[in-house]
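Each remark here refers to the structure printed beneath this line.
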Amino acid sequence: MVSQSLDTLSVATRAHTNIALIKYWGKRDDALYLPTSTSLSLTLDSLYTDMRLTFDSRLSADELHLAGEKQDEASTAKVALVLSLFRERYNCPDASAVRVESHNHVPTAAGLASSSSGFAALAFAARALFEAARPDIPRMSDTELSTFARRGSGSATRSIFGGFVEWSYGTGSSDSVAVPLDNADWDVAMVVAAISTQHKKISSTYGMKHTAATSAFYSLWREASEKDLQEVLAGIKQRDIDVIGAAMEANCMKFHATMFAANPPFTYMTSKSMQVIEFVHALRDEGVSAYFTMDAGPNVKILCRRSDQAVVHERLAAAFPDITLFDATPGSAPELLSEQQWSELYG
Ligand code: DP6
C-alpha cells in the first residue's frame, strides 16, 4: 500500500520469520554481515512482523515504534542504518525521516528469530517506499533486496523468500544473497516449543562473535556444516523429511558444541530443552518422523510431516503442559498490507 502525497507516503508489509536448518553462526565481515558459512532455513507462516513506514517531514531523525512504544536511539540505530542504505541506493539523501511502526507476532529475542522477520519487513517496505519516491530509479530485485535485509540482521536475508531458502556464502557483499530453493508446499510443518519467551542473556550477535573467536571446534564446525548442507539439499530434492531432519538435527548439535568449546564456554540449552529433545527422540522411536533444532535460546523447534503435526502437538502438550506451543507451516515471501488491513489490525 502506498498513499498519495510524498510527504506522508506510507507503506505497510508483513514478513515471516525463518528457522535455520543449517545454522549461520559467525561473520567474516562484521560491517557487511558476510557469513562464515552458507546457511539454509524454512520460512514459517504463523510467526511474523507487521511494519509500516511513513515519510514524515516533521521528524528530525528516523523513529522506531515497537508495539506503539517509541524506542530509544540505541535501539533505533540499526533501523536507521538500513534506511540510510536505501537513501543512498535510491539517490535521495534528502528524503524525509521515516517513522517505523512495528508489531511482532513472534516472541521478541527468545531465540524465535524476530530479527529475521523484522529486518525483512523493513527492507521490503523500504524498497516500496523509496521506489514510490523515486520511480525513475530501476527496480531492485528480490535478490538484491536480500542484501539490504542482511545489513540489519544476517538471518533476515533468508526471510525475503518463502519456503526453503539458502543464504549463500558468496564472494562478497553483492552475491552473499538469499536463494529460494523450494516453496515447501508439501508435507512439511514445524511445532515450536517456546520454553522461555524472556529476553535472552547472550545475544546471537555476541554469541557468534565469541564462539568464532575462541571455540576450539570452530573450524571443524565450518567444514562439517558444509556436509550437513549438502544432505539437507538432497533431502529437499527428494522431499524426504527423514533425510532433512537427520541432517538438521546433526547440524544443530554441532552448532551447540561450538559453544561448549568456546572460552569461556556457554550454552543456550536448558534442562527443559533437553527434556523436550529426549521426548522428540522417544516420538521417533515410536515411528513419528520428528526432528529438533534449537537456536540462540532455550526453545526447541520440531520439524515433522504436516500430516503428523497434530499428533506431535498433542503429545508435547500432554507431556509439557507448562510449555507454550506454536504450530507453523511453510510461510511465503513478504507481502504488502493495504491501508485498510493495517488500520483494522492496529487502528
Ligand atoms: C542461531 O541473524 O540474529 O538463529 O546477524 O548478528 O543479527 P545477527 O544475528 P542473527 O543470528 C541468527 C543465528 C541463529 C542461526 C540462524 O538463524 O541461522
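Note on naming: chains are A, B, ... as they come in the C-alpha cells, residues start from 1 per chain, ligands start from 1 in the order shown.
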With only C-alpha atoms as the counted atoms, please give the residues lying no more than 8 Å from Phe255 in chain A, apart from itself and same-chain residues fewer than 4 positions off, as a tab-separated table (two decimals) with N, CA and C atoms, in the first residue's frame.
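And here's around17.tsv as it stands now:
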chain	number	residue	atom	x	y	z
A	23	LYS	N	22.76	-23.81	10.30
A	23	LYS	CA	22.89	-22.53	11.00
A	23	LYS	C	23.92	-21.58	10.41
A	25	TRP	N	26.41	-19.00	11.87
A	25	TRP	CA	26.98	-18.77	13.21
A	25	TRP	C	28.37	-18.16	13.08
A	221	TRP	N	33.52	-27.00	12.75
A	221	TRP	CA	32.11	-26.68	12.53
A	221	TRP	C	31.87	-26.23	11.09
A	251	ASN	N	23.34	-30.96	12.48
A	251	ASN	CA	23.92	-29.61	12.37
A	251	ASN	C	23.68	-28.82	13.64
A	259	MET	N	29.74	-23.92	21.10
A	259	MET	CA	29.65	-23.05	22.29
A	259	MET	C	30.18	-23.75	23.53
**Message:** Any residue with an atom at most 8 Å from ligand 1 counts, using only C-alpha atoms and all ligand atoms. Which are they? Put them as number ranges by chain.
**Reply:** A: 18-25, 27, 33, 39-41, 111-113, 115-116, 150-156, 203-206, 208, 294-296
**Test item, alpha helix (DSSP H) assignment across range 99-244 of chain A, answer as a count of residues only** = 65
**Message:** Taking 2 positions as the minimum chain separation for residues in the same chain, which residues sit within 12 Å of Tyr346 in chain A when counting only C-alpha atoms? Answer as a VMD selection string.
**Reply:** chain A and resid 12 50 to 52 66 to 68 101 to 104 337 339 to 344
**Message:** With only C-alpha atoms as the counted atoms, please give the residues lying no more than 9 Å from Val98 in chain A, apart from itself and same-chain residues fewer than 2 positions off, as number ranges by chain.
**Reply:** A: 53-57, 59, 61-64, 80, 83, 95-96, 100
Taking 5 positions as the minimum chain separation for residues in the same chain, which residues sit within 9 Å of Ala250 in chain A when counting only C-alpha atoms? Answer as a PDB file with N, CA and C atoms, in the first residue's frame.
ATOM      1  N   ASP A 228      26.637 -31.134   6.083  1.00  0.00           N
ATOM      2  CA  ASP A 228      25.224 -31.198   6.505  1.00  0.00           C
ATOM      3  C   ASP A 228      24.342 -30.477   5.483  1.00  0.00           C
ATOM      4  N   GLY A 245      15.567 -33.974   8.236  1.00  0.00           N
ATOM      5  CA  GLY A 245      15.545 -33.892   9.699  1.00  0.00           C
ATOM      6  C   GLY A 245      16.836 -34.397  10.333  1.00  0.00           C
ATOM      7  N   PHE A 255      26.479 -27.205  16.097  1.00  0.00           N
ATOM      8  CA  PHE A 255      26.393 -25.761  16.346  1.00  0.00           C
ATOM      9  C   PHE A 255      26.464 -25.498  17.861  1.00  0.00           C
ATOM     10  N   THR A 293      15.488 -28.814  16.295  1.00  0.00           N
ATOM     11  CA  THR A 293      16.599 -27.872  16.168  1.00  0.00           C
ATOM     12  C   THR A 293      16.412 -26.781  17.219  1.00  0.00           C
TER      13      THR A 293
END
**Request:** Determine, counting only C-alpha atoms, which protein, DNA and RNA residues have an atom within 10 Å of an atom of Leu220 in chain A; residues of the same chain fewer than 5 positions away are not included. Present the result as a ChimeraX atom specification.
**Result:** /A:215,225,254,258
Keeping only N, CA and C atoms, write the selected residues to a file as a PDB file, in the first residue's frame.
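New file part_24.pdb:
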ATOM      1  N   SER A 215      36.303 -20.633  19.975  1.00  0.00           N
ATOM      2  CA  SER A 215      35.945 -22.047  20.080  1.00  0.00           C
ATOM      3  C   SER A 215      36.970 -22.967  19.429  1.00  0.00           C
ATOM      4  N   SER A 225      29.557 -28.304   8.621  1.00  0.00           N
ATOM      5  CA  SER A 225      28.296 -27.675   8.256  1.00  0.00           C
ATOM      6  C   SER A 225      28.068 -27.754   6.746  1.00  0.00           C
ATOM      7  N   LYS A 254      26.104 -29.921  16.402  1.00  0.00           N
ATOM      8  CA  LYS A 254      27.473 -29.405  16.180  1.00  0.00           C
ATOM      9  C   LYS A 254      27.534 -27.913  16.483  1.00  0.00           C
ATOM     10  N   THR A 258      29.933 -26.013  19.370  1.00  0.00           N
ATOM     11  CA  THR A 258      30.933 -24.934  19.242  1.00  0.00           C
ATOM     12  C   THR A 258      30.917 -24.048  20.486  1.00  0.00           C
TER      13      THR A 258
END
**Request:** Write out as a list in words the residues lying within 7 Å of Thr38 in chain A, counting only C-alpha atoms and excluding same-chain residues fewer than 5 positions away.
**Result:**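 Counting only the stated atoms, we get Tyr24, Trp167, Ser168 and Tyr169 of chain A.
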**Fill in**
Gly331 in chain A proximity check over A:Ala77, A:Met190, A:Leu34, A:Val179, using only C-alpha atoms: winner is A:Met190
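Secondary structure from DSSP on the backbone puts strand (DSSP E) at the following positions of range 122-186 of chain A: Phe164, Val165, Glu166, Trp167, Ala178, Val179, Pro180, Leu181 and Asp182 of chain A.
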**Request:** Could you tell me how far CA of His65 in chain A lies from CA of Thr324 in chain A, in Å and to one decimal?
**Result:**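 So the two atoms, CA of His65 in chain A and CA of Thr324 in chain A, lie 26.6 Å apart.
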**Message:** With distances taken over only C-alpha atoms, which residue among A:His313, A:Arg306, A:Lys301, A:Lys70 lies nearest Val188 in chain A?
**Reply:** A:Arg306
**Request:** Go through A:Asp327, A:Glu166, A:Glu144, A:Asp7 one by one, measure the shortest atom-to-atom distance of each to Ala194 in chain A using only C-alpha atoms, and give the residue with the smallest value.
**Result:**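 Going through A:Asp327, A:Glu166, A:Glu144, A:Asp7 one by one, the smallest distance to Ala194 in chain A is for A:Asp327.
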**Residue nearest Ala282 in chain A - candidates A:Ala74, A:Ala121, A:Leu316, A:Val177, atoms counted: only C-alpha atoms** =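 Closest residue, counting only C-alpha atoms: A:Leu316.
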**Asked** What is the distance between CA of Ala128 in chain A and CA of Val11 in chain A, in Å to one decimal?
**Response** 6.9 Å
**Request:** Determine the nearest neighbour of Arg127 in chain A from the options A:Ala216, A:Leu229, A:Thr13, A:Phe260, counting only C-alpha atoms.
**Result:**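 Residue with the minimum atom-to-atom distance to Arg127 in chain A: A:Thr13.
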**Item:** Counting only C-alpha atoms, the option among A:Arg134, A:Arg58, A:Arg139, A:His16 closest to His105 in chain A
**Value:**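 Nearest candidate to His105 in chain A out of A:Arg134, A:Arg58, A:Arg139, A:His16: A:His16.
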